[in-house]
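Text of final.cif, listed as mmCIF, C-alpha atoms:
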```
data_data
loop_
_atom_site.group_PDB
_atom_site.id
_atom_site.type_symbol
_atom_site.label_atom_id
_atom_site.label_comp_id
_atom_site.auth_asym_id
_atom_site.auth_seq_id
_atom_site.Cartn_x
_atom_site.Cartn_y
_atom_site.Cartn_z
ATOM 1 C CA MET A 1 0.000 0.000 0.000
ATOM 2 C CA ILE A 2 1.180 3.504 -0.748
ATOM 3 C CA ALA A 3 2.069 5.591 2.273
ATOM 4 C CA LEU A 4 0.604 9.003 3.021
ATOM 5 C CA GLU A 5 3.950 10.760 2.565
ATOM 6 C CA ASN A 6 4.080 9.905 -1.151
ATOM 7 C CA PHE A 7 0.801 11.681 -1.854
ATOM 8 C CA LEU A 8 1.892 14.699 0.204
ATOM 9 C CA ILE A 9 5.268 14.942 -1.563
ATOM 10 C CA LEU A 10 3.577 14.708 -4.977
ATOM 11 C CA SER A 11 1.148 17.441 -3.976
ATOM 12 C CA THR A 12 4.016 19.633 -2.702
ATOM 13 C CA ILE A 13 5.980 19.251 -5.943
ATOM 14 C CA LEU A 14 2.927 20.105 -8.053
ATOM 15 C CA PHE A 15 2.185 23.110 -5.843
ATOM 16 C CA SER A 16 5.764 24.410 -6.198
ATOM 17 C CA ILE A 17 5.651 24.000 -9.991
ATOM 18 C CA GLY A 18 2.339 25.869 -10.145
ATOM 19 C CA PHE A 19 3.724 28.639 -7.958
ATOM 20 C CA PHE A 20 6.728 28.930 -10.266
ATOM 21 C CA GLY A 21 4.344 29.305 -13.197
ATOM 22 C CA VAL A 22 2.423 32.065 -11.419
ATOM 23 C CA LEU A 23 5.631 33.962 -10.675
ATOM 24 C CA SER A 24 7.369 33.595 -14.029
ATOM 25 C CA ARG A 25 4.653 33.757 -16.707
ATOM 26 C CA LYS A 26 3.522 36.996 -18.335
ATOM 27 C CA ASN A 27 0.535 35.683 -20.322
ATOM 28 C CA ALA A 28 -2.633 35.950 -18.232
ATOM 29 C CA ILE A 29 -4.078 32.630 -19.464
ATOM 30 C CA LEU A 30 -0.903 30.760 -18.532
ATOM 31 C CA ILE A 31 -1.015 32.302 -15.053
ATOM 32 C CA LEU A 32 -4.591 31.017 -14.773
ATOM 33 C CA ILE A 33 -3.399 27.528 -15.779
ATOM 34 C CA SER A 34 -0.744 27.590 -13.065
ATOM 35 C CA VAL A 35 -3.358 28.616 -10.493
ATOM 36 C CA GLU A 36 -5.434 25.611 -11.598
ATOM 37 C CA LEU A 37 -2.389 23.399 -11.022
ATOM 38 C CA MET A 38 -1.972 24.773 -7.495
ATOM 39 C CA LEU A 39 -5.661 24.193 -6.714
ATOM 40 C CA ALA A 40 -5.447 20.620 -7.978
ATOM 41 C CA ALA A 41 -2.379 19.986 -5.791
ATOM 42 C CA VAL A 42 -4.266 21.252 -2.754
ATOM 43 C CA GLY A 43 -7.096 18.885 -3.689
ATOM 44 C CA ILE A 44 -4.719 15.899 -3.532
ATOM 45 C CA ASN A 45 -3.667 17.031 -0.070
ATOM 46 C CA PHE A 46 -7.260 17.294 1.199
ATOM 47 C CA VAL A 47 -8.316 13.902 -0.141
ATOM 48 C CA ALA A 48 -5.151 12.178 1.115
ATOM 49 C CA PHE A 49 -5.624 13.446 4.650
ATOM 50 C CA ALA A 50 -9.345 12.640 4.561
ATOM 51 C CA SER A 51 -8.713 9.077 3.381
ATOM 52 C CA PHE A 52 -6.029 8.346 5.940
ATOM 53 C CA PHE A 53 -7.353 10.167 9.006
ATOM 54 C CA ASP A 54 -11.053 10.945 8.937
ATOM 55 C CA THR A 55 -12.965 7.732 8.407
ATOM 56 C CA SER A 56 -16.489 8.837 9.284
ATOM 57 C CA GLN A 57 -17.026 12.485 8.419
ATOM 58 C CA LEU A 58 -15.614 12.689 4.856
ATOM 59 C CA SER A 59 -14.973 16.419 5.291
ATOM 60 C CA GLY A 60 -11.897 16.437 3.084
ATOM 61 C CA HIS A 61 -13.740 14.914 0.139
ATOM 62 C CA ILE A 62 -16.523 17.491 0.416
ATOM 63 C CA PHE A 63 -14.052 20.354 0.688
ATOM 64 C CA THR A 64 -12.343 19.117 -2.465
ATOM 65 C CA LEU A 65 -15.728 19.074 -4.184
ATOM 66 C CA PHE A 66 -16.224 22.713 -3.154
ATOM 67 C CA VAL A 67 -12.713 23.579 -4.347
ATOM 68 C CA ILE A 68 -13.496 22.062 -7.769
ATOM 69 C CA ALA A 69 -16.763 24.034 -8.016
ATOM 70 C CA ILE A 70 -15.127 27.319 -6.976
ATOM 71 C CA ALA A 71 -12.237 26.708 -9.381
ATOM 72 C CA ALA A 72 -14.718 26.251 -12.230
ATOM 73 C CA ALA A 73 -16.468 29.516 -11.312
ATOM 74 C CA GLU A 74 -13.081 31.251 -11.060
ATOM 75 C CA VAL A 75 -11.993 30.034 -14.496
ATOM 76 C CA GLY A 76 -15.199 31.256 -16.133
ATOM 77 C CA LEU A 77 -15.024 34.682 -14.526
ATOM 78 C CA ALA A 78 -11.279 35.135 -15.065
ATOM 79 C CA LEU A 79 -11.504 34.190 -18.731
ATOM 80 C CA GLY A 80 -14.316 36.710 -19.159
ATOM 81 C CA ILE A 81 -12.109 39.403 -17.635
ATOM 82 C CA ILE A 82 -9.117 38.350 -19.762
ATOM 83 C CA ILE A 83 -11.129 38.488 -22.983
ATOM 84 C CA ARG A 84 -12.478 41.905 -21.979
ATOM 85 C CA LEU A 85 -8.890 43.052 -21.321
ATOM 86 C CA PHE A 86 -7.788 41.723 -24.694
ATOM 87 C CA ARG A 87 -10.589 43.614 -26.467
ATOM 88 C CA ASP A 88 -9.653 46.765 -24.614
ATOM 89 C CA ARG A 89 -5.900 46.858 -25.254
ATOM 90 C CA ASN A 90 -5.245 44.047 -27.768
ATOM 91 C CA SER A 91 -2.848 42.122 -25.541
ATOM 92 C CA VAL A 92 -2.971 39.630 -22.677
ATOM 93 C CA ASN A 93 0.377 40.677 -21.210
ATOM 94 C CA ILE A 94 -0.312 41.495 -17.585
ATOM 95 C CA ASP A 95 2.534 44.012 -17.438
ATOM 96 C CA GLU A 96 0.516 46.281 -19.716
ATOM 97 C CA ALA A 97 -2.523 46.213 -17.433
ATOM 98 C CA ASN A 98 -1.100 48.704 -14.925
ATOM 99 C CA ASP A 99 -3.673 51.483 -14.777
ATOM 100 C CA LEU A 100 -4.159 51.141 -11.028
ATOM 101 C CA LYS A 101 -0.408 51.145 -10.332
ATOM 102 C CA TRP A 102 1.020 54.396 -8.949
ATOM 103 C CA MET B 103 -0.257 10.306 -45.286
ATOM 104 C CA PHE B 104 -0.269 13.543 -43.329
ATOM 105 C CA SER B 105 -0.521 15.690 -46.458
ATOM 106 C CA LYS B 106 -4.100 14.564 -47.115
ATOM 107 C CA ILE B 107 -5.342 15.816 -43.758
ATOM 108 C CA PRO B 108 -6.178 19.537 -43.700
ATOM 109 C CA LEU B 109 -4.029 20.575 -40.745
ATOM 110 C CA PRO B 110 -1.446 23.314 -40.180
ATOM 111 C CA ASP B 111 2.038 22.544 -41.431
ATOM 112 C CA GLN B 112 3.790 22.049 -38.137
ATOM 113 C CA PHE B 113 0.987 19.860 -36.780
ATOM 114 C CA ASP B 114 2.205 16.519 -38.139
ATOM 115 C CA ARG B 115 5.727 17.155 -36.948
ATOM 116 C CA LEU B 116 4.327 18.112 -33.569
ATOM 117 C CA ILE B 117 2.342 14.870 -33.332
ATOM 118 C CA ILE B 118 5.297 12.702 -34.377
ATOM 119 C CA THR B 119 7.842 14.418 -32.107
ATOM 120 C CA GLY B 120 5.529 14.623 -29.124
ATOM 121 C CA GLY B 121 4.414 11.020 -29.550
ATOM 122 C CA ILE B 122 7.977 9.707 -29.813
ATOM 123 C CA VAL B 123 9.155 11.699 -26.779
ATOM 124 C CA THR B 124 6.152 10.671 -24.687
ATOM 125 C CA ALA B 125 6.311 7.000 -25.680
ATOM 126 C CA SER B 126 10.072 6.685 -25.121
ATOM 127 C CA THR B 127 9.934 8.419 -21.735
ATOM 128 C CA THR B 128 6.996 6.280 -20.637
ATOM 129 C CA LEU B 129 8.653 3.064 -21.788
ATOM 130 C CA PHE B 130 11.894 4.027 -20.021
ATOM 131 C CA ILE B 131 10.151 4.729 -16.704
ATOM 132 C CA LEU B 132 7.913 1.665 -17.096
ATOM 133 C CA SER B 133 10.887 -0.637 -17.741
ATOM 134 C CA ILE B 134 12.727 0.665 -14.660
ATOM 135 C CA LEU B 135 9.593 0.159 -12.545
ATOM 136 C CA LEU B 136 8.971 -3.351 -13.928
ATOM 137 C CA ILE B 137 12.577 -4.334 -13.189
ATOM 138 C CA LEU B 138 12.077 -3.109 -9.631
ATOM 139 C CA LYS B 139 8.823 -5.095 -9.505
ATOM 140 C CA PHE B 140 10.432 -8.334 -10.609
ATOM 141 C CA LEU B 141 13.202 -7.820 -8.062
ATOM 142 C CA ASP B 142 10.355 -7.593 -5.497
ATOM 143 C CA PHE B 143 11.139 -4.102 -4.304
ATOM 144 C CA ILE B 144 7.695 -2.694 -5.098
ATOM 145 C CA SER B 145 4.194 -3.970 -5.857
ATOM 146 C CA TYR B 146 2.021 -3.388 -8.921
ATOM 147 C CA THR B 147 0.085 -0.647 -7.106
ATOM 148 C CA GLU B 148 3.300 1.230 -6.536
ATOM 149 C CA VAL B 149 4.338 0.706 -10.175
ATOM 150 C CA PHE B 150 1.153 2.473 -11.295
ATOM 151 C CA PHE B 151 1.491 5.188 -8.667
ATOM 152 C CA TRP B 152 5.076 6.070 -9.607
ATOM 153 C CA LEU B 153 4.298 5.972 -13.338
ATOM 154 C CA ILE B 154 1.310 8.291 -12.954
ATOM 155 C CA SER B 155 3.030 10.702 -10.588
ATOM 156 C CA THR B 156 6.087 10.964 -12.863
ATOM 157 C CA GLY B 157 3.794 11.723 -15.792
ATOM 158 C CA MET B 158 1.988 14.366 -13.743
ATOM 159 C CA ILE B 159 5.216 16.101 -12.747
ATOM 160 C CA ILE B 160 6.568 16.036 -16.327
ATOM 161 C CA GLY B 161 3.301 17.458 -17.649
ATOM 162 C CA ALA B 162 3.256 20.176 -14.997
ATOM 163 C CA LEU B 163 6.860 21.158 -15.784
ATOM 164 C CA ALA B 164 6.054 21.255 -19.493
ATOM 165 C CA SER B 165 3.018 23.446 -18.891
ATOM 166 C CA VAL B 166 5.016 26.070 -16.990
ATOM 167 C CA LEU B 167 8.158 25.935 -19.164
ATOM 168 C CA LEU B 168 6.996 25.590 -22.790
ATOM 169 C CA LYS B 169 7.177 28.704 -24.989
ATOM 170 C CA ASN B 170 4.226 27.794 -27.236
ATOM 171 C CA ILE B 171 1.060 28.524 -25.274
ATOM 172 C CA VAL B 172 -1.097 25.946 -27.076
ATOM 173 C CA HIS B 173 1.384 23.212 -26.113
ATOM 174 C CA ALA B 174 1.364 24.537 -22.549
ATOM 175 C CA VAL B 175 -2.437 24.356 -22.354
ATOM 176 C CA PHE B 176 -2.467 20.824 -23.765
ATOM 177 C CA SER B 177 0.228 19.587 -21.379
ATOM 178 C CA ILE B 178 -1.786 20.767 -18.361
ATOM 179 C CA LEU B 179 -4.069 17.818 -19.220
ATOM 180 C CA ALA B 180 -1.453 15.368 -17.878
ATOM 181 C CA PRO B 181 -1.512 16.562 -14.231
ATOM 182 C CA LEU B 182 -5.247 17.302 -14.277
ATOM 183 C CA LEU B 183 -6.104 13.805 -15.533
ATOM 184 C CA GLY B 184 -3.421 12.133 -13.410
ATOM 185 C CA ILE B 185 -5.238 13.504 -10.377
ATOM 186 C CA VAL B 186 -8.200 11.330 -11.421
ATOM 187 C CA ALA B 187 -6.021 8.256 -10.914
ATOM 188 C CA ILE B 188 -4.703 9.640 -7.620
ATOM 189 C CA TYR B 189 -8.284 10.081 -6.350
ATOM 190 C CA LEU B 190 -9.018 6.485 -7.369
ATOM 191 C CA PHE B 191 -5.948 5.329 -5.408
ATOM 192 C CA LEU B 192 -7.355 7.177 -2.413
ATOM 193 C CA GLY B 193 -10.726 5.461 -2.779
ATOM 194 C CA SER B 194 -12.844 8.423 -3.842
ATOM 195 C CA GLU B 195 -14.689 7.456 -7.015
ATOM 196 C CA PHE B 196 -17.105 10.389 -7.084
ATOM 197 C CA LEU B 197 -14.333 12.991 -6.882
ATOM 198 C CA ALA B 198 -12.452 11.208 -9.655
ATOM 199 C CA LEU B 199 -15.506 11.378 -11.912
ATOM 200 C CA ALA B 200 -16.161 15.023 -11.037
ATOM 201 C CA GLN B 201 -12.530 15.940 -11.714
ATOM 202 C CA LEU B 202 -12.583 14.107 -15.051
ATOM 203 C CA LEU B 203 -15.790 15.786 -16.190
ATOM 204 C CA ILE B 204 -15.090 19.313 -14.957
ATOM 205 C CA TYR B 205 -11.379 19.639 -15.680
ATOM 206 C CA GLY B 206 -10.881 17.282 -18.602
ATOM 207 C CA GLY B 207 -14.148 18.208 -20.249
ATOM 208 C CA GLY B 208 -14.887 21.768 -19.226
ATOM 209 C CA VAL B 209 -11.992 23.825 -17.968
ATOM 210 C CA VAL B 210 -9.404 22.835 -20.573
ATOM 211 C CA ILE B 211 -11.844 23.412 -23.443
ATOM 212 C CA LEU B 212 -12.737 26.808 -21.983
ATOM 213 C CA LEU B 213 -9.037 27.700 -21.701
ATOM 214 C CA LEU B 214 -8.436 26.652 -25.303
ATOM 215 C CA PHE B 215 -11.374 28.777 -26.492
ATOM 216 C CA ALA B 216 -10.015 31.804 -24.647
ATOM 217 C CA LEU B 217 -6.558 31.111 -26.076
ATOM 218 C CA MET B 218 -7.870 30.990 -29.627
ATOM 219 C CA MET B 219 -9.793 34.232 -29.096
ATOM 220 C CA THR B 220 -6.844 36.149 -27.651
ATOM 221 C CA ASN B 221 -4.000 34.881 -29.823
ATOM 222 C CA VAL B 222 -3.922 36.995 -32.995
ATOM 223 C CA GLN B 223 -1.507 35.944 -35.712
ATOM 224 C CA ASP B 224 0.581 39.074 -36.279
ATOM 225 C CA GLN B 225 1.251 39.600 -32.606
ATOM 226 C CA PRO B 226 4.396 38.119 -31.047
ATOM 227 C CA LEU B 227 3.939 35.627 -28.248
ATOM 228 C CA VAL B 228 4.077 37.083 -24.776
ATOM 229 C CA GLU B 229 7.557 36.260 -23.566
ATOM 230 C CA ASP B 230 8.231 35.291 -19.998
ATOM 231 C CA GLY B 231 9.762 37.878 -17.763
ATOM 232 C CA SER B 232 13.170 38.412 -16.275
ATOM 233 C CA GLN B 233 12.086 37.205 -12.843
ATOM 234 C CA LYS B 234 12.486 33.543 -13.860
ATOM 235 C CA PRO B 235 15.724 32.741 -11.902
ATOM 236 C CA PHE B 236 14.333 34.469 -8.831
ATOM 237 C CA SER B 237 11.107 32.484 -8.985
ATOM 238 C CA ILE B 238 12.988 29.204 -9.525
ATOM 239 C CA ILE B 239 14.914 29.834 -6.283
ATOM 240 C CA ILE B 240 11.740 30.727 -4.363
ATOM 241 C CA CYS B 241 9.826 27.660 -5.568
ATOM 242 C CA ILE B 242 12.670 25.235 -4.812
ATOM 243 C CA LEU B 243 12.920 26.736 -1.332
ATOM 244 C CA ILE B 244 9.158 26.405 -0.743
ATOM 245 C CA GLY B 245 9.173 22.801 -1.954
ATOM 246 C CA LEU B 246 12.185 21.833 0.155
ATOM 247 C CA ILE B 247 10.795 23.474 3.301
ATOM 248 C CA LEU B 248 7.389 21.783 2.944
ATOM 249 C CA ILE B 249 8.868 18.358 2.126
ATOM 250 C CA SER B 250 11.352 18.495 5.001
ATOM 251 C CA ARG B 251 8.593 19.510 7.428
ATOM 252 C CA LEU B 252 6.295 16.689 6.361
ATOM 253 C CA LEU B 253 9.078 14.113 6.417
ATOM 254 C CA SER B 254 9.922 15.091 9.988
ATOM 255 C CA ALA B 255 6.274 14.716 11.048
ATOM 256 C CA ASP B 256 5.030 11.458 12.531
ATOM 257 C CA LEU B 257 2.591 10.035 9.965
ATOM 258 C CA ASN B 258 2.589 6.298 10.447
ATOM 259 C CA LEU B 259 -0.826 5.535 8.981
ATOM 260 C CA SER B 260 -1.486 2.820 6.464
ATOM 261 C CA THR B 261 -5.240 2.323 6.209
ATOM 262 C CA VAL B 262 -7.146 3.880 3.333
ATOM 263 C CA SER B 263 -10.870 4.323 3.868
ATOM 264 C CA SER B 264 -12.897 4.615 0.718
ATOM 265 C CA ALA B 265 -15.648 7.195 0.431
ATOM 266 C CA GLU B 266 -18.765 5.456 -0.782
ATOM 267 C CA LEU B 267 -21.107 7.549 -2.861
ATOM 268 C CA SER B 268 -24.196 6.952 -0.706
ATOM 269 C CA VAL B 269 -22.337 7.974 2.458
ATOM 270 C CA LEU B 270 -20.876 11.026 0.697
ATOM 271 C CA ALA B 271 -24.307 12.095 -0.547
ATOM 272 C CA GLY B 272 -25.764 11.648 2.928
ATOM 273 C CA VAL B 273 -23.099 13.880 4.474
ATOM 274 C CA ILE B 274 -23.445 16.539 1.761
ATOM 275 C CA PHE B 275 -27.221 16.810 2.076
ATOM 276 C CA THR B 276 -27.331 16.816 5.872
ATOM 277 C CA ASP B 277 -24.244 18.340 7.506
ATOM 278 C CA PHE B 278 -23.030 20.400 4.562
ATOM 279 C CA LEU B 279 -26.391 21.440 3.110
ATOM 280 C CA ILE B 280 -26.002 25.219 3.566
ATOM 281 C CA PRO B 281 -22.424 25.359 2.138
ATOM 282 C CA PHE B 282 -23.567 23.183 -0.772
ATOM 283 C CA LEU B 283 -26.397 25.587 -1.616
ATOM 284 C CA LEU B 284 -24.079 28.557 -1.210
ATOM 285 C CA VAL B 285 -21.584 27.030 -3.657
ATOM 286 C CA GLY B 286 -24.375 26.534 -6.162
ATOM 287 C CA LEU B 287 -25.419 30.171 -5.731
ATOM 288 C CA LEU B 288 -21.788 31.289 -6.116
ATOM 289 C CA LEU B 289 -21.420 29.318 -9.352
ATOM 290 C CA ASP B 290 -24.643 30.839 -10.682
ATOM 291 C CA ILE B 291 -23.585 34.401 -9.825
ATOM 292 C CA ALA B 292 -20.059 33.907 -11.209
ATOM 293 C CA LEU B 293 -21.249 32.553 -14.543
ATOM 294 C CA THR B 294 -23.892 35.278 -14.874
ATOM 295 C CA GLY B 295 -21.202 37.856 -14.139
ATOM 296 C CA ALA B 296 -18.899 36.333 -16.740
ATOM 297 C CA LEU B 297 -21.710 36.466 -19.291
ATOM 298 C CA LEU B 298 -22.500 40.122 -18.513
ATOM 299 C CA ASN B 299 -18.803 40.960 -18.565
ATOM 300 C CA GLY B 300 -18.349 39.511 -22.017
ATOM 301 C CA LYS B 301 -21.241 41.362 -23.640
ATOM 302 C CA THR B 302 -20.041 43.371 -26.600
ATOM 303 C CA HIS B 303 -22.200 46.492 -26.801
ATOM 304 C CA ASN B 304 -20.766 48.001 -23.614
ATOM 305 C CA VAL B 305 -17.220 47.805 -24.930
ATOM 306 C CA VAL B 306 -17.511 50.840 -27.201
ATOM 307 C CA ALA B 307 -18.510 53.104 -24.325
ATOM 308 C CA THR B 308 -15.611 52.043 -22.103
ATOM 309 C CA LYS B 309 -12.933 51.826 -24.781
ATOM 310 C CA ARG B 310 -9.954 54.028 -24.062
ATOM 311 C CA ASP B 311 -8.842 56.856 -26.312
ATOM 312 C CA GLY B 312 -6.156 56.052 -28.830
ATOM 313 C CA ASP B 313 -7.233 52.513 -29.600
#
```

Starting from the file, lay out its structure as structure tokens.
Amino acid sequence: MIALENFLILSTILFSIGFFGVLSRKNAILILISVELMLAAVGINFVAFASFFDTSQLSGHIFTLFVIAIAAAEVGLALGIIIRLFRDRNSVNIDEANDLKW
Amino acid sequence: MFSKIPLPDQFDRLIITGGIVTASTTLFILSILLILKFLDFISYTEVFFWLISTGMIIGALASVLLKNIVHAVFSILAPLLGIVAIYLFLGSEFLALAQLLIYGGGVVILLLFALMMTNVQDQPLVEDGSQKPFSIIICILIGLILISRLLSADLNLSTVSSAELSVLAGVIFTDFLIPFLLVGLLLDIALTGALLNGKTHNVVATKRDGD
């Protein structure tokens, strides 16, 4: 049987890779993809702890379900904003969207 | 045989190169794992787990490192679908199905649509910034700190409890009923907002001068 540490290490590696994508990418859609990767890694963590610790309440599974639903809502809304931004200034480079920066 | 299919020019080369690289890497990892299996170091469950997790990490690295954004969006499918297998290892069939339907079917298609709508031909690709070395250092540090903390913790548990669908549904509709309804309301409001945000006839009024 696979130990709990393996799932946690896999989730940590995926989270670090997603965080690297958020820090280093300039395209807004690719940043959104990296955020999805981080959310998925957190989902592995929740389900692993729920399967190994909490045998009766299933809270981790339900939280992962909520995370998936909120991630879907976030993707829809963020892509709407990105497409609006692209129509406005013909680019998805986030360095050019600096109107609120002082 | 590729010339008869109406595809872009680089598409056949992409399929051949990507297929060869993927197949050779998979066969290499699979052969190492099968050798370890026949030497009785690991079991078949662990063979599948290591194969899937290696594929997930390679796909995640490709999706944050590739220059071509279409390739990056396609390679995010590897970690998002590998998580389906991870959920099945952890005994949660319903979450695996939900992940497969929502991410594999919905989110990636939505991302590809947005990519096609925002990627005009005569515009150069958005290059990554100069903060790449800095972010590599930060992410390696975060990963090492988290892994060292969890390896020093005392986690000697070996029983996996599976989440049966009837039990899961019972818990959702009794203990978690209000959060469940709130998530449904949130999804409704978010999608309505996205629809209103993408309407075209308001764009002319808010368009900046000089465009």

Can you check which parts of chain A lie within 6 Å of chain B? Per residue, the shortest pair of atoms and distance in Å to one decimal, counting only C-alpha atoms, sorted by chain and number, as a tab-separated table.
```
residue	atom	partner	partner_atom	distance
A:Ser16	CA	B:Cys241	CA	5.2
A:Phe20	CA	B:Cys241	CA	5.8
A:Gly21	CA	B:Val166	CA	5.0
A:Leu23	CA	B:Ser237	CA	5.9
A:Ser24	CA	B:Lys234	CA	5.1
A:Arg25	CA	B:Asp230	CA	5.1
A:Lys26	CA	B:Asp230	CA	5.3
A:Asn27	CA	B:Val228	CA	5.9
A:Ser51	CA	B:Ser263	CA	5.2
A:Phe52	CA	B:Val262	CA	5.3
A:Ala73	CA	B:Leu289	CA	5.3
A:Leu77	CA	B:Ala296	CA	4.8
A:Gly80	CA	B:Ala296	CA	5.2
```

Those same residues, written as a PDB file, in the coordinates of the input with C-alpha atoms?
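Saved file selection.pdb follows:
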```pdb
ATOM      1  CA  SER A  16       5.764  24.410  -6.198  1.00  0.00           C
ATOM      2  CA  PHE A  20       6.728  28.930 -10.266  1.00  0.00           C
ATOM      3  CA  GLY A  21       4.344  29.305 -13.197  1.00  0.00           C
ATOM      4  CA  LEU A  23       5.631  33.962 -10.675  1.00  0.00           C
ATOM      5  CA  SER A  24       7.369  33.595 -14.029  1.00  0.00           C
ATOM      6  CA  ARG A  25       4.653  33.757 -16.707  1.00  0.00           C
ATOM      7  CA  LYS A  26       3.522  36.996 -18.335  1.00  0.00           C
ATOM      8  CA  ASN A  27       0.535  35.683 -20.322  1.00  0.00           C
ATOM      9  CA  SER A  51      -8.713   9.077   3.381  1.00  0.00           C
ATOM     10  CA  PHE A  52      -6.029   8.346   5.940  1.00  0.00           C
ATOM     11  CA  ALA A  73     -16.468  29.516 -11.312  1.00  0.00           C
ATOM     12  CA  LEU A  77     -15.024  34.682 -14.526  1.00  0.00           C
ATOM     13  CA  GLY A  80     -14.316  36.710 -19.159  1.00  0.00           C
TER      14      GLY A  80
END
```

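Near (-2.3, 33.9, -17.3), the residues that fall inside 10 Å on the basis of only C-alpha atoms are Gly21, Val22, Arg25, Lys26, Asn27, Ala28, Ile29, Leu30, Ile31, Leu32, Ile33, Ser34, Val35, Ala78, Leu79, Ile82, Val92, Asn93 and Ile94 of chain A.
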
So which one's closest to Met38 (chain A), A:Ala97, A:Phe7, A:Gly18, A:Gly60? Using only C-alpha atoms, please.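 Of the candidates, the smallest distance to Met38 (chain A) is held by A:Gly18.
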
Could you pull the residues within 10 Å of Asn45 (chain A), counting all atoms listed in the file, minus those fewer than 6 positions along the same chain, as a ChimeraX atom specification? /A:4,7-12,39,60,64

Please compute the CA of Ala48 (chain A)-CA of Gly272 (chain B) distance, one decimal, in Å. 20.7 Å

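CA of His61 (chain A) lies 5.5 Å from CA of Val47 (chain A).
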
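With all atoms listed in the file as the atoms that count, the residue of A:Ile13, A:Glu36, A:Met1, A:Ser59 with the shortest distance to Glu74 (chain A) is A:Glu36.
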
CA of Val149 (chain B) and CA of Leu135 (chain B), how far apart in Å?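 Atom-to-atom, CA of Leu135 (chain B) to CA of Val149 (chain B), that is 5.8 Å.
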